[in-house]
Structures are given as structure tokens and as C-alpha cells.
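Raw entry-v9.cif, mmCIF, C-alpha atoms:
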data_run
#
loop_
_atom_site.label_atom_id
_atom_site.label_comp_id
_atom_site.auth_asym_id
_atom_site.auth_seq_id
_atom_site.Cartn_x
_atom_site.Cartn_y
_atom_site.Cartn_z
CA MET O 1 -5.44 -29.41 3.53
CA ASN O 2 -5.72 -30.19 7.26
CA LYS O 3 -6.45 -27.48 9.81
CA THR O 4 -3.63 -26.37 12.12
CA PRO O 5 -4.01 -25.50 15.80
CA GLN O 6 -3.68 -21.84 14.86
CA ASP O 7 -6.54 -22.21 12.33
CA ILE O 8 -8.81 -23.73 14.97
CA ALA O 9 -7.91 -21.15 17.59
CA GLU O 10 -8.77 -18.39 15.14
CA LEU O 11 -12.06 -20.11 14.34
CA LEU O 12 -13.02 -20.26 18.02
CA GLU O 13 -12.09 -16.61 18.44
CA LYS O 14 -14.21 -15.62 15.43
CA HIS O 15 -17.19 -17.47 16.88
CA GLN O 16 -16.90 -15.67 20.21
CA GLN O 17 -16.87 -12.34 18.33
CA GLY O 18 -19.93 -13.32 16.27
CA ASN O 19 -17.98 -13.20 12.99
CA CYS O 20 -18.23 -16.83 11.85
CA THR O 21 -19.59 -17.56 8.40
CA PRO O 22 -22.31 -20.22 8.02
CA ARG O 23 -19.66 -22.76 6.91
CA GLU O 24 -17.53 -22.06 9.97
CA GLU O 25 -20.55 -22.40 12.27
CA LEU O 26 -21.24 -25.74 10.60
CA LEU O 27 -17.71 -26.93 11.32
CA LEU O 28 -18.04 -25.99 14.98
CA THR O 29 -21.36 -27.76 15.26
CA GLN O 30 -20.02 -30.90 13.62
CA TRP O 31 -17.07 -30.87 15.97
CA LEU O 32 -19.34 -30.43 18.99
CA ASN O 33 -21.25 -33.54 17.94
CA LYS O 34 -18.07 -35.57 17.42
CA VAL O 35 -15.62 -34.24 19.97
CA GLN O 36 -14.16 -36.65 22.50
CA GLU O 37 -15.85 -37.17 25.86
CA PRO O 38 -13.06 -35.71 28.08
CA VAL O 39 -13.72 -32.33 26.49
CA THR O 40 -17.51 -32.37 26.56
CA ASP O 41 -17.42 -33.47 30.18
CA LEU O 42 -16.06 -30.03 31.01
CA ILE O 43 -19.52 -28.53 30.52
CA SER O 44 -22.91 -29.67 31.74
CA GLU O 45 -25.37 -31.59 29.60
CA SER O 46 -27.82 -28.68 29.69
CA GLU O 47 -25.13 -26.29 28.42
CA LYS O 48 -24.17 -28.69 25.62
CA THR O 49 -27.79 -29.10 24.59
CA LYS O 50 -28.40 -25.37 24.57
CA LEU O 51 -25.26 -24.68 22.56
CA LYS O 52 -26.11 -27.33 19.98
CA THR O 53 -29.65 -26.01 19.63
CA GLU O 54 -28.49 -22.44 19.11
CA MET O 55 -25.85 -23.45 16.59
CA LEU O 56 -28.20 -25.66 14.60
CA SER O 57 -30.82 -22.91 14.61
CA PHE O 58 -28.25 -20.50 13.22
CA ILE O 59 -27.25 -22.94 10.48
CA GLU O 60 -30.86 -23.57 9.49
CA ARG O 61 -31.34 -19.84 9.06
CA SER O 62 -28.05 -19.56 7.18
CA VAL O 63 -29.09 -22.26 4.70
CA ILE O 64 -31.83 -19.87 3.59
CA GLY O 65 -29.39 -16.94 3.74
CA SER O 66 -26.76 -15.84 1.25
CA GLU O 67 -23.38 -17.41 0.61
CA GLU O 68 -21.74 -14.21 1.70
CA LYS O 69 -20.16 -13.77 5.12
CA THR O 70 -22.90 -13.10 7.67
CA LYS O 71 -22.38 -11.43 11.01
CA VAL O 72 -24.56 -12.68 13.84
CA LYS O 73 -24.77 -11.99 17.54
CA ALA O 74 -22.30 -14.06 19.47
CA ILE O 75 -23.92 -17.11 21.07
CA ASN O 76 -23.93 -16.93 24.84
CA TRP O 77 -21.49 -19.70 25.59
CA GLN O 78 -21.65 -19.33 29.40
CA MET O 79 -18.33 -21.10 29.40
CA ALA O 80 -15.49 -18.59 29.11
CA ALA O 81 -13.61 -20.47 31.79
CA TRP O 82 -14.10 -23.71 29.89
CA LEU O 83 -12.56 -22.21 26.74
CA SER O 84 -9.39 -21.16 28.53
CA ALA O 85 -9.01 -24.23 30.76
CA ALA O 86 -9.61 -26.74 28.00
CA ALA O 87 -7.94 -24.94 25.10
CA VAL O 88 -5.21 -27.52 24.54
CA ILE O 89 -7.61 -30.47 24.76
CA ILE O 90 -10.03 -28.75 22.39
CA LEU O 91 -7.35 -28.19 19.79
CA ILE O 92 -6.23 -31.79 19.91
CA SER O 93 -9.81 -33.05 19.66
CA ILE O 94 -10.73 -30.75 16.80
CA LEU O 95 -7.62 -31.71 14.88
CA THR O 96 -8.57 -35.35 15.27
CA PHE O 97 -12.02 -34.53 13.95
CA PHE O 98 -10.72 -32.61 10.93
CA ASN O 99 -8.37 -35.45 10.04
CA GLN O 100 -11.35 -37.80 9.61
CA ASP O 101 -13.72 -38.01 6.66
CA HIS O 102 -14.60 -34.32 6.35
CA LYS O 103 -12.53 -33.22 3.36
CA ALA O 104 -15.65 -32.22 1.42
CA THR O 105 -16.77 -29.91 4.22
CA THR O 106 -13.44 -28.17 4.74
CA SER O 107 -12.31 -27.92 1.13
CA ALA O 108 -13.02 -24.90 -1.06
CA ILE O 109 -16.16 -25.03 -3.17
CA ASN O 110 -15.65 -24.98 -6.93
CA TYR O 111 -18.47 -23.12 -8.67
CA VAL O 112 -19.78 -23.35 -12.21
CA VAL O 113 -21.23 -20.21 -13.82
CA LYS O 114 -23.59 -20.43 -16.80
CA LYS O 115 -24.91 -17.48 -18.80
CA ALA O 116 -27.59 -16.98 -21.43
CA GLY O 117 -26.75 -14.28 -23.94
CA THR O 118 -29.08 -12.06 -25.95
CA GLY O 119 -31.79 -14.12 -27.62
CA GLU O 120 -30.62 -17.34 -25.93
CA LEU O 121 -32.39 -19.87 -23.75
CA VAL O 122 -29.96 -22.22 -22.01
CA ALA O 123 -30.95 -25.61 -20.53
CA ILE O 124 -28.71 -26.71 -17.65
CA ARG O 125 -28.62 -30.09 -15.95
CA LEU O 126 -27.38 -29.86 -12.35
CA PRO O 127 -25.35 -32.47 -10.43
CA ASP O 128 -28.55 -33.73 -8.73
CA SER O 129 -30.32 -34.08 -12.14
CA SER O 130 -32.46 -30.99 -11.55
CA LEU O 131 -33.08 -28.96 -14.72
CA ILE O 132 -32.79 -25.19 -15.15
CA TYR O 133 -34.01 -23.18 -18.13
CA LEU O 134 -32.04 -19.95 -18.04
CA SER O 135 -33.64 -16.99 -19.82
CA ALA O 136 -31.85 -14.52 -22.09
CA GLY O 137 -29.61 -12.05 -20.27
CA SER O 138 -29.43 -14.19 -17.12
CA SER O 139 -26.76 -16.13 -15.24
CA ILE O 140 -26.69 -18.93 -12.66
CA LYS O 141 -23.93 -20.08 -10.30
CA PHE O 142 -23.87 -23.49 -8.63
CA PRO O 143 -21.25 -25.82 -7.08
CA GLU O 144 -19.70 -28.64 -9.08
CA ARG O 145 -20.92 -30.94 -6.32
CA PHE O 146 -23.68 -30.15 -3.86
CA GLU O 147 -22.89 -30.29 -0.15
CA GLU O 148 -24.47 -32.57 2.43
CA LEU O 149 -26.92 -30.08 3.93
CA SER O 150 -28.43 -28.33 0.91
CA ARG O 151 -28.36 -27.66 -2.82
CA ASP O 152 -27.64 -23.94 -3.27
CA VAL O 153 -27.73 -22.02 -6.55
CA TYR O 154 -27.37 -18.28 -7.17
CA LEU O 155 -29.47 -16.54 -9.82
CA GLU O 156 -29.15 -13.20 -11.55
CA GLY O 157 -32.01 -12.72 -14.00
CA GLU O 158 -34.78 -15.17 -14.81
CA ALA O 159 -34.92 -18.96 -14.73
CA PHE O 160 -37.40 -21.81 -14.54
CA PHE O 161 -36.47 -24.66 -12.20
CA SER O 162 -37.57 -28.28 -12.37
CA VAL O 163 -36.07 -29.65 -9.16
CA THR O 164 -35.39 -33.33 -8.49
CA ARG O 165 -36.98 -34.29 -5.18
CA HIS O 166 -34.62 -34.90 -2.28
CA THR O 167 -36.30 -34.79 1.14
CA ASP O 168 -33.01 -34.69 3.06
CA LYS O 169 -31.37 -31.94 1.02
CA PRO O 170 -33.41 -28.80 0.28
CA PHE O 171 -32.85 -26.94 -2.97
CA ILE O 172 -32.36 -23.20 -2.38
CA VAL O 173 -32.37 -20.46 -5.02
CA HIS O 174 -30.59 -17.33 -3.81
CA ALA O 175 -31.79 -14.34 -5.84
CA GLY O 176 -31.00 -10.91 -4.47
CA ALA O 177 -32.63 -10.54 -1.06
CA LEU O 178 -34.86 -13.59 -1.50
CA HIS O 179 -34.19 -17.26 -0.88
CA THR O 180 -36.62 -19.80 -2.33
CA ARG O 181 -36.46 -23.19 -0.63
CA VAL O 182 -37.95 -26.41 -2.04
CA LEU O 183 -37.53 -30.15 -1.70
CA GLY O 184 -38.59 -30.87 -5.27
CA THR O 185 -40.98 -28.98 -7.56
CA ARG O 186 -41.28 -26.62 -10.55
CA PHE O 187 -41.16 -22.85 -10.24
CA LYS O 188 -39.80 -19.67 -11.76
CA VAL O 189 -37.74 -16.87 -10.22
CA ILE O 190 -37.24 -13.42 -11.75
CA SER O 191 -34.51 -11.30 -10.16
CA TYR O 192 -32.77 -8.69 -12.30
CA LYS O 193 -30.50 -6.16 -10.58
CA SER O 194 -31.94 -3.35 -12.68
CA LEU O 195 -35.53 -4.03 -11.61
CA PRO O 196 -36.96 -2.95 -8.23
CA HIS O 197 -38.74 -6.23 -7.53
CA ILE O 198 -38.20 -9.99 -7.37
CA ASP O 199 -40.90 -12.45 -8.46
CA VAL O 200 -41.44 -16.10 -7.57
CA GLN O 201 -44.04 -18.15 -9.47
CA VAL O 202 -44.97 -21.77 -8.75
CA GLU O 203 -46.18 -24.20 -11.41
CA GLU O 204 -46.19 -27.34 -9.29
CA GLY O 205 -45.65 -28.36 -5.67
CA LYS O 206 -44.79 -25.93 -2.86
CA VAL O 207 -41.98 -23.47 -2.16
CA GLN O 208 -40.95 -21.41 0.86
CA VAL O 209 -39.85 -17.84 0.21
CA SER O 210 -37.73 -15.95 2.76
CA ASP O 211 -35.71 -12.80 3.01
CA LYS O 212 -32.74 -12.49 5.38
CA PHE O 213 -35.03 -11.80 8.33
CA LYS O 214 -37.96 -14.20 8.11
CA VAL O 215 -40.11 -16.58 6.09
CA LEU O 216 -42.43 -14.47 3.94
CA ARG O 217 -44.82 -17.03 2.51
CA GLN O 218 -45.28 -20.61 1.41
CA LEU O 219 -46.50 -20.74 -2.19
CA LYS O 220 -48.24 -23.60 -3.95
CA LEU O 221 -49.75 -24.38 -7.37
CA ASN O 222 -50.09 -21.23 -9.55
CA GLU O 223 -49.34 -18.88 -6.66
CA THR O 224 -46.96 -15.96 -7.06
CA LEU O 225 -45.07 -13.53 -4.85
CA ASN O 226 -43.87 -10.05 -5.81
CA TYR O 227 -41.21 -8.61 -3.48
CA GLU O 228 -40.18 -4.94 -3.46
CA LYS O 229 -36.44 -4.66 -2.87
CA GLN O 230 -36.43 -1.18 -1.39
CA THR O 231 -39.18 -1.62 1.20
CA GLY O 232 -39.23 -5.37 1.79
CA ASP O 233 -42.98 -5.39 1.16
CA PHE O 234 -44.50 -8.23 -0.81
CA VAL O 235 -47.78 -9.21 -2.43
CA ALA O 236 -48.94 -12.78 -3.05
CA GLY O 237 -51.32 -13.62 -5.87
CA ILE O 238 -52.52 -16.16 -8.42
CA SER O 239 -51.41 -16.69 -12.03
CA SER O 240 -52.46 -19.28 -14.57
CA ASN O 241 -49.68 -18.34 -17.02
CA ILE O 242 -46.93 -20.51 -15.52
CA ALA O 243 -45.71 -23.47 -17.56
CA ILE O 244 -42.25 -24.89 -17.95
CA SER O 245 -43.22 -26.29 -21.36
CA ASP O 246 -43.81 -22.74 -22.66
CA PHE O 247 -40.68 -21.37 -21.04
CA ALA O 248 -38.57 -24.17 -22.52
CA ARG O 249 -39.71 -23.07 -25.99
CA GLY O 250 -38.66 -19.50 -25.35
CA HIS O 251 -42.16 -18.16 -24.67
CA ILE O 252 -42.55 -15.91 -21.63
CA TRP O 253 -45.54 -13.99 -20.33
CA PHE O 254 -45.30 -10.87 -18.22
CA LYS O 255 -48.14 -9.02 -16.53
CA ASN O 256 -48.46 -5.43 -15.27
CA ALA O 257 -44.82 -4.76 -16.17
CA SER O 258 -43.24 -1.31 -16.02
CA PHE O 259 -41.66 0.34 -19.05
CA ASP O 260 -38.22 -0.40 -17.56
CA GLU O 261 -39.05 -4.10 -17.47
CA LEU O 262 -40.40 -3.96 -21.00
CA LYS O 263 -37.14 -2.35 -22.17
CA LEU O 264 -35.10 -4.99 -20.34
CA ARG O 265 -36.97 -7.86 -21.94
CA ILE O 266 -36.79 -6.40 -25.44
CA ARG O 267 -33.03 -5.95 -25.04
CA ASN O 268 -32.48 -9.44 -23.61
CA TYR O 269 -34.71 -11.29 -26.05
CA TYR O 270 -34.11 -9.37 -29.26
CA GLY O 271 -31.04 -7.17 -28.72
CA TYR O 272 -32.90 -3.91 -29.40
CA ASN O 273 -33.03 -0.73 -27.31
CA LEU O 274 -36.49 0.69 -26.65
CA HIS O 275 -37.06 4.46 -26.39
CA THR O 276 -39.98 6.83 -25.98
CA LYS O 277 -40.77 10.37 -24.86
CA ALA O 278 -44.44 9.62 -24.30
CA GLU O 279 -45.25 10.02 -20.60
CA ALA O 280 -48.15 7.60 -20.90
CA ILE O 281 -45.73 4.89 -22.02
CA ILE O 282 -42.97 5.75 -19.53
CA ASN O 283 -45.41 5.63 -16.61
CA GLY O 284 -47.58 2.85 -18.03
CA ARG O 285 -48.01 -0.82 -17.19
CA PHE O 286 -47.98 -3.56 -19.79
CA THR O 287 -49.09 -7.15 -20.18
CA ALA O 288 -47.68 -9.08 -23.10
CA ASP O 289 -45.83 -12.21 -24.15
CA LEU O 290 -42.56 -12.69 -25.99
CA TYR O 291 -41.38 -15.48 -28.27
CA ILE O 292 -37.63 -15.82 -28.53
CA THR O 293 -38.02 -17.42 -31.97
CA GLN O 294 -39.97 -14.48 -33.45
CA PRO O 295 -38.48 -11.24 -34.82
CA VAL O 296 -38.86 -8.09 -32.79
CA SER O 297 -41.15 -6.63 -35.47
CA ALA O 298 -43.75 -9.32 -34.68
CA PHE O 299 -43.84 -8.28 -31.04
CA MET O 300 -43.88 -4.55 -31.79
CA SER O 301 -46.74 -4.93 -34.29
CA LYS O 302 -48.82 -6.69 -31.64
CA PHE O 303 -47.80 -4.16 -28.99
CA SER O 304 -48.70 -1.16 -31.13
CA SER O 305 -52.11 -2.60 -32.03
CA VAL O 306 -52.95 -3.32 -28.36
CA TYR O 307 -51.75 0.01 -26.94
CA GLY O 308 -52.48 2.22 -29.94
CA LYS O 309 -48.92 3.44 -30.44
CA SER O 310 -46.79 3.74 -33.55
CA TYR O 311 -43.10 2.89 -33.69
CA THR O 312 -40.06 3.00 -35.95
CA ILE O 313 -36.97 0.75 -36.02
CA LYS O 314 -33.58 2.24 -36.89
CA GLY O 315 -30.70 -0.20 -36.64
CA LYS O 316 -30.94 -1.62 -33.12
CA GLU O 317 -33.07 1.26 -31.80
CA ILE O 318 -36.88 1.19 -31.47
CA ILE O 319 -38.71 4.49 -30.95
CA ILE O 320 -42.30 4.45 -29.71
CA ARG O 321 -44.33 7.59 -30.37
#
Written as C-alpha cells, that's how I'd like the structure from this file.
Amino acid sequence: MNKTPQDIAELLEKHQQGNCTPREELLLTQWLNKVQEPVTDLISESEKTKLKTEMLSFIERSVIGSEEKTKVKAINWQMAAWLSAAAVIILISILTFFNQDHKATTSAINYVVKKAGTGELVAIRLPDSSLIYLSAGSSIKFPERFEELSRDVYLEGEAFFSVTRHTDKPFIVHAGALHTRVLGTRFKVISYKSLPHIDVQVEEGKVQVSDKFKVLRQLKLNETLNYEKQTGDFVAGISSNIAISDFARGHIWFKNASFDELKLRIRNYYGYNLHTKAEAIINGRFTADLYITQPVSAFMSKFSSVYGKSYTIKGKEIIIR
């Protein structure tokens, strides 16, 4: 549906107030690049250049940001008089622009949501031929068709990504407070709402990890990043236990995990609830691997032998003593 003069006027007003979403900033920037000469002649070349630079800088940051509405400081237009004097011309020019070949930009985005239930591993082929292996108890959201500027997906849980290379369209995984940006590579992201941290692990290539404020680190082969949600602190490290071939078979490895994470993984992979009153277990850290194809008893037998604990299984409840 085409924009009306009222729509455009409201968009300009939102921008002046600093309330534009990333998509709306993109529309304004595209218009500025396309608008007819009589309008752009109303401001100097230096002002146009500065405005374009600031807008494009905002959009670049927003590509790494979330899909949610983001408030930013209003750009210093230095042209309040221009906005009032040229309002009618601007509206006509913008309407001409929106009536051209920009339906994909202005139309609503249709999203696809995929989920992996308890004990499931779901393989998903994206519109750009990238492949996602979605771990048990996780979900992923992505558009039916990727936009021109980027390929954005939204993860809750754990997934391994094998991304088709596209140098002109970065692939961005939004997971909680972190945004992992790649052009084409293989990596894993772990971001459960119930856990206090987010992990990024790289098997191949290079990724850029950011929060909403800044770029945190560029990671390459076998490098990892652990991000604490509450403080924003992070630690980078090395791991040799990253392989999409293992993950695709339902085999995951976790290191130095809390008891809460252990409980989460047992519930997601096997559908059992883990309990204990032992302080050493509750406050402990655990390194282990899970196989989605094995029964929970196989994991618990290995766990009890390594950590010297006994356990009982009653229905769907596991008690560690």
C-alpha cells in the first residue's frame, strides 16, 4: 500500500523527535538519495553529506541491533527552516519515490518461526540456502524473504549455523543482547532466557559479536565468547569441541556448566527434571556431553561415575544424592 502525505509527515516528525525505527530511518535515507533536485537544492552540499553520513551510520548500527523499535538521539538537521519551507515539495517528492520500485522495503515482513521440541534436532534451510541445526527446546524466527541490506534471524536457545557466503548482505543472528554478524561461515550460538550468559563459538571463518552499545570481539577458528547478561562483561577463549558434524547428529558438548544449565539440557534433550539437595552439586560446575539418540540413563550413569554421585529415576524425575 502506498504512503499518504500524512504518513510521510508523521515519519518526518518521528525522525525529528528521535523516535524512528531502523526501517523508518532506512526509508528516509533512501529518499534522501533519490529525492528530486529542486528539494535537495534547498540545503547545502555539506549539509546533505553530513546528514547522509549520520543516517547511514545509524542504519549500520541498527543492522547489528534488534528488530525492536529503537530510540536514538535526534540527528542535528540544522535545517528546521528547510523542513517548514519545503514541506509541500518534500511530500510530493517522497510520494514519487514510494510509488517506484520499493514495495519490498515498505511492505510488512512475514516471519517464519521454527521450533525444536524435547528430544528433537531440527534442520532448517533458509531462503539464502544457509543451514541451521536447531537444538532441542529452541526456536528461530526469520523472514520469508531476506531484505536487501542484511539477513536477520532471531534465536531463542541453541543453534548451529552454516551460512552461505554473501559479501553484500551480512547474516546477523540476534540472540538476547548479542548480535553475531558474519558474511559466510560456521558457528554456534547459545542463548536461553533462563541462563545468565550467552555463548558464541566459531568452527570456521570469522564472526563479529556486538551488544547494543559496541563491537565486543571478532572471533575466528575455534574461538569462543561468553557474555554475562547482567553485567555486560565477556570472556573470550579457545575450544576444540566445535563441529557441525557432531551437532547435526545430536551430540553436544558443554564445559564448566552450572547446575541450572545441566538441568536445562537434561530437560530439553530427554524430557526429565533433575533435582538435588546436595550443595556441592547445586554450586558445582560440570563438563559433559549429551547424545540425543541415547537414553537418559546412559548419560546419568556416566555422570555419576565421573562425579561420584548416585541417582534414582522416578517417572520423569531424576534425584541426585
Evaluate the PyMOL selection byres ((chain O and resi 319) around 10) and record the selected residues as a PDB file with C-alpha atoms, in the frame of the given file, following the chain and residue labels used in the document.
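Below is the file that was written, out-v1.pdb:
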ATOM      1  CA  ASN O 273     -33.030  -0.730 -27.310  1.00  0.00           C
ATOM      2  CA  LEU O 274     -36.490   0.690 -26.650  1.00  0.00           C
ATOM      3  CA  HIS O 275     -37.060   4.460 -26.390  1.00  0.00           C
ATOM      4  CA  THR O 276     -39.980   6.830 -25.980  1.00  0.00           C
ATOM      5  CA  LYS O 277     -40.770  10.370 -24.860  1.00  0.00           C
ATOM      6  CA  SER O 310     -46.790   3.740 -33.550  1.00  0.00           C
ATOM      7  CA  TYR O 311     -43.100   2.890 -33.690  1.00  0.00           C
ATOM      8  CA  THR O 312     -40.060   3.000 -35.950  1.00  0.00           C
ATOM      9  CA  ILE O 313     -36.970   0.750 -36.020  1.00  0.00           C
ATOM     10  CA  LYS O 314     -33.580   2.240 -36.890  1.00  0.00           C
ATOM     11  CA  GLU O 317     -33.070   1.260 -31.800  1.00  0.00           C
ATOM     12  CA  ILE O 318     -36.880   1.190 -31.470  1.00  0.00           C
ATOM     13  CA  ILE O 320     -42.300   4.450 -29.710  1.00  0.00           C
ATOM     14  CA  ARG O 321     -44.330   7.590 -30.370  1.00  0.00           C
TER      15      ARG O 321
END
Fewer than 2 positions away in the same chain doesn't count, so skip those; otherwise give me all residues within 9 Å of range 128-137 of chain O, counting only C-alpha atoms, as a ChimeraX atom specification. /O:114-126,139-140,145-146,151,156-166,184,244,247-248,250,264-265,267-269,292
Close residues, Gln201 in chain O itself excluded, 6 Å, only C-alpha atoms, min 5 positions apart in chain, as a ChimeraX atom specification: /O:187-188,224
Straight-line distance linking CA of Ser239 in chain O with CA of Lys206 in chain O, stated in Å to one decimal: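 If I compute the distance from CA of Ser239 in chain O to CA of Lys206 in chain O, I get 14.6 Å.
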Which of O:Ser305, O:Asn241, O:Gln230, O:Thr185 sits closest to Gln208 in chain O [using all atoms listed in the file]: O:Thr185
Taking the file as I've supplied it (selection: the PyMOL selection byres ((chain O and resi 144) around 10)), which residues are included? Please answer as a CSV table (one decimal) with C-alpha atoms, keeping the file's coordinate frame.
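Written output follows (expr_31.csv):
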chain,number,residue,atom,x,y,z
O,109,ILE,CA,-16.2,-25.0,-3.2
O,110,ASN,CA,-15.6,-25.0,-6.9
O,111,TYR,CA,-18.5,-23.1,-8.7
O,112,VAL,CA,-19.8,-23.4,-12.2
O,113,VAL,CA,-21.2,-20.2,-13.8
O,126,LEU,CA,-27.4,-29.9,-12.4
O,127,PRO,CA,-25.4,-32.5,-10.4
O,141,LYS,CA,-23.9,-20.1,-10.3
O,142,PHE,CA,-23.9,-23.5,-8.6
O,143,PRO,CA,-21.2,-25.8,-7.1
O,145,ARG,CA,-20.9,-30.9,-6.3
O,146,PHE,CA,-23.7,-30.2,-3.9
O,147,GLU,CA,-22.9,-30.3,-0.2
Expansion of the PyMOL selection byres ((chain O and resi 199) around 12) into residues, as a PyMOL selection string: chain O and resi 157-160+175-180+187-192+195-198+200-202+209+219+223-229+234-237+239+254-255+257
Let's have the selection written as a PDB file, in the coordinates of the input, with C-alpha atoms.
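Contents of out27.pdb, freshly written:
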ATOM      1  CA  GLY O 157     -32.010 -12.720 -14.000  1.00  0.00           C
ATOM      2  CA  GLU O 158     -34.780 -15.170 -14.810  1.00  0.00           C
ATOM      3  CA  ALA O 159     -34.920 -18.960 -14.730  1.00  0.00           C
ATOM      4  CA  PHE O 160     -37.400 -21.810 -14.540  1.00  0.00           C
ATOM      5  CA  ALA O 175     -31.790 -14.340  -5.840  1.00  0.00           C
ATOM      6  CA  GLY O 176     -31.000 -10.910  -4.470  1.00  0.00           C
ATOM      7  CA  ALA O 177     -32.630 -10.540  -1.060  1.00  0.00           C
ATOM      8  CA  LEU O 178     -34.860 -13.590  -1.500  1.00  0.00           C
ATOM      9  CA  HIS O 179     -34.190 -17.260  -0.880  1.00  0.00           C
ATOM     10  CA  THR O 180     -36.620 -19.800  -2.330  1.00  0.00           C
ATOM     11  CA  PHE O 187     -41.160 -22.850 -10.240  1.00  0.00           C
ATOM     12  CA  LYS O 188     -39.800 -19.670 -11.760  1.00  0.00           C
ATOM     13  CA  VAL O 189     -37.740 -16.870 -10.220  1.00  0.00           C
ATOM     14  CA  ILE O 190     -37.240 -13.420 -11.750  1.00  0.00           C
ATOM     15  CA  SER O 191     -34.510 -11.300 -10.160  1.00  0.00           C
ATOM     16  CA  TYR O 192     -32.770  -8.690 -12.300  1.00  0.00           C
ATOM     17  CA  LEU O 195     -35.530  -4.030 -11.610  1.00  0.00           C
ATOM     18  CA  PRO O 196     -36.960  -2.950  -8.230  1.00  0.00           C
ATOM     19  CA  HIS O 197     -38.740  -6.230  -7.530  1.00  0.00           C
ATOM     20  CA  ILE O 198     -38.200  -9.990  -7.370  1.00  0.00           C
ATOM     21  CA  VAL O 200     -41.440 -16.100  -7.570  1.00  0.00           C
ATOM     22  CA  GLN O 201     -44.040 -18.150  -9.470  1.00  0.00           C
ATOM     23  CA  VAL O 202     -44.970 -21.770  -8.750  1.00  0.00           C
ATOM     24  CA  VAL O 209     -39.850 -17.840   0.210  1.00  0.00           C
ATOM     25  CA  LEU O 219     -46.500 -20.740  -2.190  1.00  0.00           C
ATOM     26  CA  GLU O 223     -49.340 -18.880  -6.660  1.00  0.00           C
ATOM     27  CA  THR O 224     -46.960 -15.960  -7.060  1.00  0.00           C
ATOM     28  CA  LEU O 225     -45.070 -13.530  -4.850  1.00  0.00           C
ATOM     29  CA  ASN O 226     -43.870 -10.050  -5.810  1.00  0.00           C
ATOM     30  CA  TYR O 227     -41.210  -8.610  -3.480  1.00  0.00           C
ATOM     31  CA  GLU O 228     -40.180  -4.940  -3.460  1.00  0.00           C
ATOM     32  CA  LYS O 229     -36.440  -4.660  -2.870  1.00  0.00           C
ATOM     33  CA  PHE O 234     -44.500  -8.230  -0.810  1.00  0.00           C
ATOM     34  CA  VAL O 235     -47.780  -9.210  -2.430  1.00  0.00           C
ATOM     35  CA  ALA O 236     -48.940 -12.780  -3.050  1.00  0.00           C
ATOM     36  CA  GLY O 237     -51.320 -13.620  -5.870  1.00  0.00           C
ATOM     37  CA  SER O 239     -51.410 -16.690 -12.030  1.00  0.00           C
ATOM     38  CA  PHE O 254     -45.300 -10.870 -18.220  1.00  0.00           C
ATOM     39  CA  LYS O 255     -48.140  -9.020 -16.530  1.00  0.00           C
ATOM     40  CA  ALA O 257     -44.820  -4.760 -16.170  1.00  0.00           C
TER      41      ALA O 257
END
With only C-alpha atoms as the atoms that count, which of O:Arg217, O:His251, O:His174, O:Lys263 lies nearest to Leu155 in chain O? O:His174
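Using only C-alpha atoms, the shortest contact distance between Leu183 in chain O and any of O:Asp152, O:Tyr291, O:Lys316, O:Asp211 is found at O:Asp152.
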CA of Thr287 in chain O and CA of Leu262 in chain O, how far apart in Å? 9.3 Å
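When CA of Ser258 in chain O is paired with CA of Gln294 in chain O, their separation reads 22.1 Å.
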Go through O:Val153, O:Lys14, O:Val182, O:Phe303 and flag the residue nearest Thr167 in chain O, using only C-alpha atoms for the distances.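 Ranked by minimum distance to Thr167 in chain O, first place goes to O:Val182.
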Save range 221-232 of chain O from what I just supplied, as a PDB file, in the first residue's frame, atoms limited to N, CA, C and O atoms.
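Heads up, here's the output in out-v7.pdb:
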ATOM      1  N   LEU O 221      38.496 -19.134  13.945  1.00  0.00           N
ATOM      2  CA  LEU O 221      38.524 -20.590  14.120  1.00  0.00           C
ATOM      3  C   LEU O 221      38.711 -21.029  15.569  1.00  0.00           C
ATOM      4  O   LEU O 221      39.697 -20.672  16.214  1.00  0.00           O
ATOM      5  N   ASN O 222      37.735 -21.792  16.093  1.00  0.00           N
ATOM      6  CA  ASN O 222      37.763 -22.398  17.420  1.00  0.00           C
ATOM      7  C   ASN O 222      37.740 -21.395  18.576  1.00  0.00           C
ATOM      8  O   ASN O 222      37.926 -21.781  19.729  1.00  0.00           O
ATOM      9  N   GLU O 223      37.493 -20.130  18.297  1.00  0.00           N
ATOM     10  CA  GLU O 223      37.416 -19.157  19.370  1.00  0.00           C
ATOM     11  C   GLU O 223      35.983 -19.055  19.896  1.00  0.00           C
ATOM     12  O   GLU O 223      35.015 -19.283  19.163  1.00  0.00           O
ATOM     13  N   THR O 224      35.863 -18.708  21.160  1.00  0.00           N
ATOM     14  CA  THR O 224      34.561 -18.623  21.811  1.00  0.00           C
ATOM     15  C   THR O 224      34.438 -17.305  22.567  1.00  0.00           C
ATOM     16  O   THR O 224      35.438 -16.659  22.903  1.00  0.00           O
ATOM     17  N   LEU O 225      33.194 -16.929  22.842  1.00  0.00           N
ATOM     18  CA  LEU O 225      32.933 -15.755  23.670  1.00  0.00           C
ATOM     19  C   LEU O 225      31.786 -16.070  24.612  1.00  0.00           C
ATOM     20  O   LEU O 225      30.739 -16.584  24.187  1.00  0.00           O
ATOM     21  N   ASN O 226      31.992 -15.787  25.902  1.00  0.00           N
ATOM     22  CA  ASN O 226      30.970 -15.980  26.921  1.00  0.00           C
ATOM     23  C   ASN O 226      30.579 -14.607  27.458  1.00  0.00           C
ATOM     24  O   ASN O 226      31.415 -13.873  27.986  1.00  0.00           O
ATOM     25  N   TYR O 227      29.310 -14.255  27.322  1.00  0.00           N
ATOM     26  CA  TYR O 227      28.802 -12.922  27.661  1.00  0.00           C
ATOM     27  C   TYR O 227      27.838 -13.024  28.832  1.00  0.00           C
ATOM     28  O   TYR O 227      26.872 -13.796  28.786  1.00  0.00           O
ATOM     29  N   GLU O 228      28.098 -12.244  29.894  1.00  0.00           N
ATOM     30  CA  GLU O 228      27.219 -12.219  31.052  1.00  0.00           C
ATOM     31  C   GLU O 228      26.121 -11.169  30.843  1.00  0.00           C
ATOM     32  O   GLU O 228      26.397  -9.983  30.678  1.00  0.00           O
ATOM     33  N   LYS O 229      24.883 -11.607  30.860  1.00  0.00           N
ATOM     34  CA  LYS O 229      23.761 -10.717  30.571  1.00  0.00           C
ATOM     35  C   LYS O 229      23.637  -9.575  31.580  1.00  0.00           C
ATOM     36  O   LYS O 229      23.361  -8.435  31.204  1.00  0.00           O
ATOM     37  N   GLN O 230      23.819  -9.869  32.848  1.00  0.00           N
ATOM     38  CA  GLN O 230      23.561  -8.877  33.875  1.00  0.00           C
ATOM     39  C   GLN O 230      24.594  -7.752  33.865  1.00  0.00           C
ATOM     40  O   GLN O 230      24.243  -6.581  34.020  1.00  0.00           O
ATOM     41  N   THR O 231      25.854  -8.090  33.686  1.00  0.00           N
ATOM     42  CA  THR O 231      26.922  -7.092  33.777  1.00  0.00           C
ATOM     43  C   THR O 231      27.409  -6.578  32.435  1.00  0.00           C
ATOM     44  O   THR O 231      28.000  -5.498  32.354  1.00  0.00           O
ATOM     45  N   GLY O 232      27.190  -7.353  31.368  1.00  0.00           N
ATOM     46  CA  GLY O 232      27.738  -6.985  30.068  1.00  0.00           C
ATOM     47  C   GLY O 232      29.192  -7.367  29.914  1.00  0.00           C
ATOM     48  O   GLY O 232      29.808  -7.095  28.877  1.00  0.00           O
TER      49      GLY O 232
END
